[in-house]
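Here's the structure we're looking at; comments come further down.
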Amino acid sequence: MDTAELSYANGSTDVALLEETIGANLRRIAAAHPEAEALVGRHQDRRLRYAELDAAIDEVAAGLIDLGLAAGDRVGIWSPNCVEWVLLQYASARVGVILVTVNPAYRTSELEYVLRQSGCRVLVAATEFKTSDYRAMVAEVAPSLTELERTIFLGQHDWDELVDAGRRAGTAAVHEREATLACDDPINIQYTSGTTGFPKGATLSHRNILNNGYFVGERCGYTDADRVCIPVPFYHCFGMVLGNLACTTHAACMVIPEAAFDPRATLAAVEAERCTSLYGVPTMFIAELDHPDFDRFDLSSLRTGIMAGSPCPVEVMKQVVSRMHMDDVTICYGMTETSPVSTQTEVTDTLDQRVSTVGRVHPHVEIKVVDPADGRTLARAEPGELCTRGYSVMIGYWDDPERTADAIDADRWMHTGDLATMDGDGFVNIVGRSKDMIIRGGENVYPREIEEFLYGHPAIVDVQVVGVPDPRYGEEILACVKVRDGAGPLSVEEIRSFCQGRIAHYKVPRYVRLVDDFPMTVTGKVQKFLLREQSMDALGLAEAGPTA
């Protein structure tokens with residue numbers, strides 16, 4: 001087979017990679033744009049220009065050195081979005097301290113595992129948020145963590161003391177430390193939540209995430225005139241890389257609408273701050289579009305943004321363009337282990353390409369679609385596992401060589417576990433997770449295909465499809481449906497009738513559940529394994545034994 005017919009693509013190298021540390025890059029940008037607004041924390045009523053942000057980061061960085069933290073030591077951050085989170089992200093990078101980002105939804109056992117596995121010496125934490133009493137949870141786990149020396153609580157004197165200590169110490173030690181750092185040094189550990197087993201600490205370097213943020217911003221066309229509304233959590237790559245680093249590498253402004261996602265606060269921030277770009281996972285955009293006050297907000301300043309994190313429903317994407325003025329919205333695909341973005345649509349791509357694919361390969365990255373069984377690169381349009389290679393692939397899982405070797409092969413290809421196809425022009429379509437694929441009576445069924453079809457029903461606002469056990473077919477198809485407000489009741493028979501004759505018979509859901517919400521991660525991803533378990537309980541289904 002001709003190599004041009006294979007599902008392989010490599011990104012442009014016309015624009016060179018940034019061969020500098022995160023701290024050095026921010027210094028350079030701040031020096032060139034000192035008066036440009038850099039960071040707005042609306043819920044904290046705080047604003048910093050680039051010169052002020054750079055100086056504030058130096059104070060926190062000096063405070064970290066004053067605590068005795070050396071390059072390579074780990075400091076954890078366990079908090080919803082706030083200005084201090086951003087300061088710590090850049091301050092830790094500036095002095096070579098590895099930032100361990102802790103999911104704000106974690107509870108004691110998860111917190112204890114992450115802090116112990118990463119060996120954090122210091123934890124910076126919120127005191128409380130919503131139903132989470134962070135102070136109490138830290139008190140419960142701290143006695144068992146021999147390496148944890150200190151917890152600094154935000155909103156208390158602790159954080160002020162850190163900043164004051166850094167201010168007294170001055171910046172000489174920061175500059176001295178910064179001069180010893182290399183762009184390939186590890187700078188961030190992000191724990192990926194699997195459906196089984198303990199979380200794995202994806203370890204990322206300056207080079208990994210600085211460049212990924214830069215090229216994401218390039219594809220969005222960012223300049224110092226852009227203002228980016230970031231309602232996605234900072235603890236995840238979407239917030240701290242696609243959000244913060246994409247902004248600071250282009251002197252754009254980071255706008256924090258609220259501590260955690262709130263659709264009304266997000267819409268209000270876009271209007272008040274005249275944001276040009278808005279981020280979110282599909283469920284966030286659905287919540288914004290469906291908000292009863294949506295039409296009251298002036299969103300005309302928007303031109304672009306990013307939808308990512310999970311497959312983007314075509315109908316939702318079309319509404320984002322038409323109702324939110326985001327004509328240049330882009331779709332990103334990636335995973336934490338790849339810093340995270342491997343493919344992205346471009347503003348010059350057609351609307352059809354932007355609503356039906358996750359774009360083409362990123363600069364300085366290679367991708368291929370392989371047969372999961374034997375690793376053979378497949379022909380264009382054939383579904384298989386997506387693999388990616390390049391500067392963006394993580395260093396490895398922290399202190400876990402065995403699971404690193406399971407994910408990254410000997411040729412440094414990262415195996416994503418996602419099923420994808422690549423068309424003749426190099427556009428990639430994610431058809432599902434390999435573990436989410438439903439095999440019904442020998443037919444491979446991709447949940448996303450059915451979800452996209454059901455989004456076309458006028459009464460359905462959101463839908464998730466999972467496989468459930470069946471003694472005859474091995475698996476059957478279950479659709480969990482959220483009905484649009486005011487649409488009235490929607491029967492199972494109506495949904496099945498909507499499918500009949502329009503999609504293959506084996507794709508028509510055998511079961512339909514009407515639900516109010518889906519089980520979600522803090523980043524807005526649907527936890528399909530939990531949805532499957534809940535649905536099996538609700539329907540009284542048991543795991544199927546082997547079929548004859």
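By convention in this document, the chains of the structure tokens carry letters A, B, ... by their order, each chain's residues are numbered from 1, and ligands are numbered from 1 in the order they are shown.
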
Write out as JSON lines a residue-level contact list of range 321-371 of chain A versus range 266-282 of chain A with cut-off 10 Å: for each qualifying residue the closest pair of atoms and the distance in Å to one decimal, counting only C-alpha atoms, rows sorted by chain and residue number upward.
{"residue": "A:Met324", "atom": "CA", "partner": "A:Leu278", "partner_atom": "CA", "distance": 9.7}
{"residue": "A:His325", "atom": "CA", "partner": "A:Thr276", "partner_atom": "CA", "distance": 9.7}
{"residue": "A:Met326", "atom": "CA", "partner": "A:Ser277", "partner_atom": "CA", "distance": 7.8}
{"residue": "A:Asp328", "atom": "CA", "partner": "A:Ser277", "partner_atom": "CA", "distance": 9.2}
{"residue": "A:Val329", "atom": "CA", "partner": "A:Ser277", "partner_atom": "CA", "distance": 8.2}
{"residue": "A:Thr330", "atom": "CA", "partner": "A:Tyr279", "partner_atom": "CA", "distance": 9.7}

Report task. Can you pull out every residue within 7 Å of range 243-258 of chain A, counting only C-alpha atoms, but drop anything in the same chain fewer than 6 positions away, and send it as a VMD selection string? Result -> chain A and resid 26 29 33 37 to 43 210 213 to 214 216 to 217 222 to 231 265 to 266 269

Residue subset to file, keeping N, CA and C atoms, as a PDB file, in the first residue's frame:
ATOM      1  N   LEU A  26       7.507  33.771  30.150  1.00  0.00           N
ATOM      2  CA  LEU A  26       6.641  34.801  30.731  1.00  0.00           C
ATOM      3  C   LEU A  26       7.411  36.110  30.928  1.00  0.00           C
ATOM      4  N   ILE A  29       7.499  37.851  27.557  1.00  0.00           N
ATOM      5  CA  ILE A  29       6.200  38.404  27.169  1.00  0.00           C
ATOM      6  C   ILE A  29       5.857  39.622  28.013  1.00  0.00           C
ATOM      7  N   HIS A  33       5.028  43.434  26.806  1.00  0.00           N
ATOM      8  CA  HIS A  33       3.640  43.908  26.950  1.00  0.00           C
ATOM      9  C   HIS A  33       3.326  44.241  28.406  1.00  0.00           C
ATOM     10  N   GLU A  37      -3.443  43.865  29.979  1.00  0.00           N
ATOM     11  CA  GLU A  37      -4.084  43.164  31.078  1.00  0.00           C
ATOM     12  C   GLU A  37      -3.834  41.668  30.917  1.00  0.00           C
ATOM     13  N   ALA A  38      -3.380  41.031  31.995  1.00  0.00           N
ATOM     14  CA  ALA A  38      -2.952  39.639  31.940  1.00  0.00           C
ATOM     15  C   ALA A  38      -3.937  38.686  32.598  1.00  0.00           C
ATOM     16  N   LEU A  39      -4.514  39.086  33.726  1.00  0.00           N
ATOM     17  CA  LEU A  39      -5.311  38.161  34.518  1.00  0.00           C
ATOM     18  C   LEU A  39      -6.440  38.900  35.217  1.00  0.00           C
ATOM     19  N   VAL A  40      -7.659  38.367  35.079  1.00  0.00           N
ATOM     20  CA  VAL A  40      -8.830  38.927  35.747  1.00  0.00           C
ATOM     21  C   VAL A  40      -9.500  37.814  36.545  1.00  0.00           C
ATOM     22  N   GLY A  41      -9.565  37.982  37.857  1.00  0.00           N
ATOM     23  CA  GLY A  41     -10.307  37.052  38.708  1.00  0.00           C
ATOM     24  C   GLY A  41     -11.601  37.733  39.117  1.00  0.00           C
ATOM     25  N   ARG A  42     -12.661  37.500  38.349  1.00  0.00           N
ATOM     26  CA  ARG A  42     -13.904  38.254  38.567  1.00  0.00           C
ATOM     27  C   ARG A  42     -14.506  37.983  39.945  1.00  0.00           C
ATOM     28  N   HIS A  43     -14.472  36.734  40.395  1.00  0.00           N
ATOM     29  CA  HIS A  43     -15.085  36.413  41.679  1.00  0.00           C
ATOM     30  C   HIS A  43     -14.248  36.907  42.854  1.00  0.00           C
ATOM     31  N   LEU A 210       4.520  24.174  27.579  1.00  0.00           N
ATOM     32  CA  LEU A 210       4.697  25.526  27.037  1.00  0.00           C
ATOM     33  C   LEU A 210       4.422  25.526  25.545  1.00  0.00           C
ATOM     34  N   GLY A 213       0.639  24.803  24.699  1.00  0.00           N
ATOM     35  CA  GLY A 213      -0.163  26.006  24.879  1.00  0.00           C
ATOM     36  C   GLY A 213       0.075  27.009  23.765  1.00  0.00           C
ATOM     37  N   TYR A 214       1.341  27.165  23.360  1.00  0.00           N
ATOM     38  CA  TYR A 214       1.686  28.120  22.308  1.00  0.00           C
ATOM     39  C   TYR A 214       1.005  27.765  20.990  1.00  0.00           C
ATOM     40  N   VAL A 216      -1.596  25.800  20.470  1.00  0.00           N
ATOM     41  CA  VAL A 216      -3.056  25.940  20.599  1.00  0.00           C
ATOM     42  C   VAL A 216      -3.459  27.393  20.359  1.00  0.00           C
ATOM     43  N   GLY A 217      -2.736  28.314  20.990  1.00  0.00           N
ATOM     44  CA  GLY A 217      -3.014  29.736  20.800  1.00  0.00           C
ATOM     45  C   GLY A 217      -2.804  30.190  19.371  1.00  0.00           C
ATOM     46  N   TYR A 222      -4.490  33.867  18.483  1.00  0.00           N
ATOM     47  CA  TYR A 222      -4.406  34.795  19.617  1.00  0.00           C
ATOM     48  C   TYR A 222      -3.334  35.868  19.406  1.00  0.00           C
ATOM     49  N   THR A 223      -3.661  37.081  19.910  1.00  0.00           N
ATOM     50  CA  THR A 223      -2.721  38.190  20.000  1.00  0.00           C
ATOM     51  C   THR A 223      -2.935  38.859  21.353  1.00  0.00           C
ATOM     52  N   ASP A 224      -2.244  39.964  21.584  1.00  0.00           N
ATOM     53  CA  ASP A 224      -2.418  40.673  22.845  1.00  0.00           C
ATOM     54  C   ASP A 224      -3.769  41.376  22.935  1.00  0.00           C
ATOM     55  N   ALA A 225      -4.571  41.305  21.871  1.00  0.00           N
ATOM     56  CA  ALA A 225      -5.918  41.888  21.905  1.00  0.00           C
ATOM     57  C   ALA A 225      -6.976  40.892  22.371  1.00  0.00           C
ATOM     58  N   ASP A 226      -6.578  39.638  22.553  1.00  0.00           N
ATOM     59  CA  ASP A 226      -7.569  38.618  22.920  1.00  0.00           C
ATOM     60  C   ASP A 226      -7.765  38.523  24.425  1.00  0.00           C
ATOM     61  N   ARG A 227      -9.006  38.205  24.792  1.00  0.00           N
ATOM     62  CA  ARG A 227      -9.403  38.016  26.190  1.00  0.00           C
ATOM     63  C   ARG A 227     -10.148  36.687  26.254  1.00  0.00           C
ATOM     64  N   VAL A 228      -9.596  35.759  27.011  1.00  0.00           N
ATOM     65  CA  VAL A 228     -10.072  34.376  26.971  1.00  0.00           C
ATOM     66  C   VAL A 228     -10.805  34.030  28.269  1.00  0.00           C
ATOM     67  N   CYS A 229     -12.075  33.674  28.146  1.00  0.00           N
ATOM     68  CA  CYS A 229     -12.870  33.265  29.303  1.00  0.00           C
ATOM     69  C   CYS A 229     -12.606  31.784  29.569  1.00  0.00           C
ATOM     70  N   ILE A 230     -12.126  31.476  30.795  1.00  0.00           N
ATOM     71  CA  ILE A 230     -11.677  30.122  31.130  1.00  0.00           C
ATOM     72  C   ILE A 230     -12.504  29.574  32.296  1.00  0.00           C
ATOM     73  N   PRO A 231     -13.653  28.957  32.006  1.00  0.00           N
ATOM     74  CA  PRO A 231     -14.459  28.368  33.065  1.00  0.00           C
ATOM     75  C   PRO A 231     -14.085  26.920  33.382  1.00  0.00           C
ATOM     76  N   ALA A 265     -22.547  32.799  35.360  1.00  0.00           N
ATOM     77  CA  ALA A 265     -21.330  33.578  35.621  1.00  0.00           C
ATOM     78  C   ALA A 265     -20.434  33.615  34.393  1.00  0.00           C
ATOM     79  N   THR A 266     -20.409  32.522  33.635  1.00  0.00           N
ATOM     80  CA  THR A 266     -19.600  32.473  32.421  1.00  0.00           C
ATOM     81  C   THR A 266     -20.140  33.437  31.375  1.00  0.00           C
ATOM     82  N   ALA A 269     -19.409  36.975  32.415  1.00  0.00           N
ATOM     83  CA  ALA A 269     -17.997  37.339  32.252  1.00  0.00           C
ATOM     84  C   ALA A 269     -17.689  37.675  30.797  1.00  0.00           C
TER      85      ALA A 269
END

Query raised in the report: Could you pull the residues within 10 Å of Arg167 in chain A, counting only C-alpha atoms, minus those fewer than 5 positions along the same chain, as a list in words?
Result: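 Close residues of Arg167 in chain A: Ala55, Ala56, Asp58, Glu59, Val60, Ala61, Ala62, Gly63, Glu161 and Leu162 of chain A.
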
Query raised in the report: Can you tell me, as a list in words, what residues are no more than 8 Å from Cys82 in chain A when counting only C-alpha atoms, ignoring any on the same chain fewer than 2 positions away?
Result: Gly41, Gln44, Ser79, Pro80, Glu84, Trp85, Val86, Ile256, Glu258 and Ala259 of chain A

Residues just named, written with C-alpha atoms as a PDB file, in the first residue's frame:
ATOM      1  CA  GLY A  41     -10.307  37.052  38.708  1.00  0.00           C
ATOM      2  CA  GLN A  44     -12.129  37.861  43.612  1.00  0.00           C
ATOM      3  CA  SER A  79      -8.225  24.341  45.006  1.00  0.00           C
ATOM      4  CA  PRO A  80     -10.874  25.529  42.577  1.00  0.00           C
ATOM      5  CA  GLU A  84      -3.468  32.363  43.508  1.00  0.00           C
ATOM      6  CA  TRP A  85      -3.681  29.137  41.495  1.00  0.00           C
ATOM      7  CA  VAL A  86      -2.254  30.939  38.457  1.00  0.00           C
ATOM      8  CA  ILE A 256     -11.615  33.597  35.465  1.00  0.00           C
ATOM      9  CA  GLU A 258     -15.932  31.965  38.870  1.00  0.00           C
ATOM     10  CA  ALA A 259     -14.243  29.447  41.175  1.00  0.00           C
TER      11      ALA A 259
END

Query - DSSP-assigned alpha helix (DSSP H) among range 121-342 of chain A, expressed as a ChimeraX atom specification - result: /A:134-141,157-169,172-178,206-220,237,246-248,263-273,282-289,314-324

Query raised in the report: Which one is closest to Arg440 in chain A: A:Val163, A:Leu419, A:Val515, A:Leu478? Count only C-alpha atoms.
Result: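 Among A:Val163, A:Leu419, A:Val515, A:Leu478, it is A:Leu478 that comes nearest to Arg440 in chain A.
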
Query raised in the report: Which neighbours of range 142-157 of chain A fall inside 9 Å, counting only C-alpha atoms, when residues of the same chain fewer than 6 positions from it are skipped, and could you give them as a PyMOL selection string?
Result: chain A and resi 79+84+112+115-116+119-127+135

Those residues you just picked out, can you put them in a file as a PDB file, in the first residue's frame with C-alpha atoms?
ATOM      1  CA  SER A  79      -8.225  24.341  45.006  1.00  0.00           C
ATOM      2  CA  GLU A  84      -3.468  32.363  43.508  1.00  0.00           C
ATOM      3  CA  GLU A 112      -3.713  10.813  50.501  1.00  0.00           C
ATOM      4  CA  LEU A 115       0.293  13.347  47.972  1.00  0.00           C
ATOM      5  CA  ARG A 116       2.075  10.161  49.023  1.00  0.00           C
ATOM      6  CA  GLY A 119       6.031  12.864  47.585  1.00  0.00           C
ATOM      7  CA  CYS A 120       4.701  16.414  48.043  1.00  0.00           C
ATOM      8  CA  ARG A 121       6.622  18.460  50.618  1.00  0.00           C
ATOM      9  CA  VAL A 122       4.145  21.353  50.592  1.00  0.00           C
ATOM     10  CA  LEU A 123       0.432  21.549  49.830  1.00  0.00           C
ATOM     11  CA  VAL A 124      -1.392  24.756  48.919  1.00  0.00           C
ATOM     12  CA  ALA A 125      -5.125  24.286  49.487  1.00  0.00           C
ATOM     13  CA  ALA A 126      -8.429  26.079  49.691  1.00  0.00           C
ATOM     14  CA  THR A 127     -10.074  25.962  53.097  1.00  0.00           C
ATOM     15  CA  ARG A 135      -9.049  21.845  56.031  1.00  0.00           C
TER      16      ARG A 135
END

Requested in this report: Have a look at A:Asp158, A:Asp436, A:Glu5, A:Asp164 and name the one nearest to Asp66 in chain A; count only C-alpha atoms.
Outcome: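 Under the stated criterion, the closest residue is A:Asp164.
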
Requested in this report: Quick one: pick out all strand (DSSP E or B) residues within range 222-391 of chain A from a backbone DSSP run and write them as a PyMOL selection string.
Outcome: chain A and resi 227-229+253-256+277-280+304-307+330-334+341-344+360-361+365-370+377+379+384-390

Requested in this report: With a distance cut-off of 7 Å and only C-alpha atoms, select the neighbouring residues of range 454-466 of chain A, excluding the residue or stretch itself and same-chain residues fewer than 4 positions from it, and output the selection as a PyMOL selection string.
Outcome: chain A and resi 315+447+450+477-484+487+528+532

Query raised in the report: Using only C-alpha atoms, which residues sit within 8 Å of Glu20 in chain A once same-chain residues fewer than 2 positions away are excluded, as a PyMOL selection string?
Result: chain A and resi 18+22+24-25+182-183+206-207

Would you save the residues of that selection, restricted to C-alpha atoms, as a PDB file, in the first residue's frame?
ATOM      1  CA  LEU A  18       9.989  27.279  22.004  1.00  0.00           C
ATOM      2  CA  ILE A  22       7.887  28.684  31.273  1.00  0.00           C
ATOM      3  CA  ALA A  24      11.703  32.679  30.867  1.00  0.00           C
ATOM      4  CA  ASN A  25       8.853  32.819  28.365  1.00  0.00           C
ATOM      5  CA  ALA A 182      16.342  23.356  31.454  1.00  0.00           C
ATOM      6  CA  CYS A 183      13.241  23.215  29.299  1.00  0.00           C
ATOM      7  CA  HIS A 206       8.335  22.932  30.446  1.00  0.00           C
ATOM      8  CA  ARG A 207       8.857  21.935  26.812  1.00  0.00           C
TER       9      ARG A 207
END

Query raised in the report: Which one of A:Thr131, A:Asn208, A:Ser535, A:Thr304 sits closest to Glu346 in chain A if you count only C-alpha atoms?
Result: A:Thr304

Requested in this report: Work out how far apart CA of Thr108 in chain A and CA of Tyr235 in chain A are and give it in Å to one decimal.
Outcome: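 CA of Tyr235 in chain A lies at a distance of 17.3 Å from CA of Thr108 in chain A.
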
Report task. Could you jot down the CA of Asn103 in chain A to CA of Ala260 in chain A separation for me, Å, one decimal place? Result ->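 These atoms are spaced 12.1 Å apart.
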
Query raised in the report: What does the distance from CA of Ser497 in chain A to CA of Met520 in chain A come to in Å, to one decimal?
Result: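 CA of Met520 in chain A lies at a distance of 29.1 Å from CA of Ser497 in chain A.
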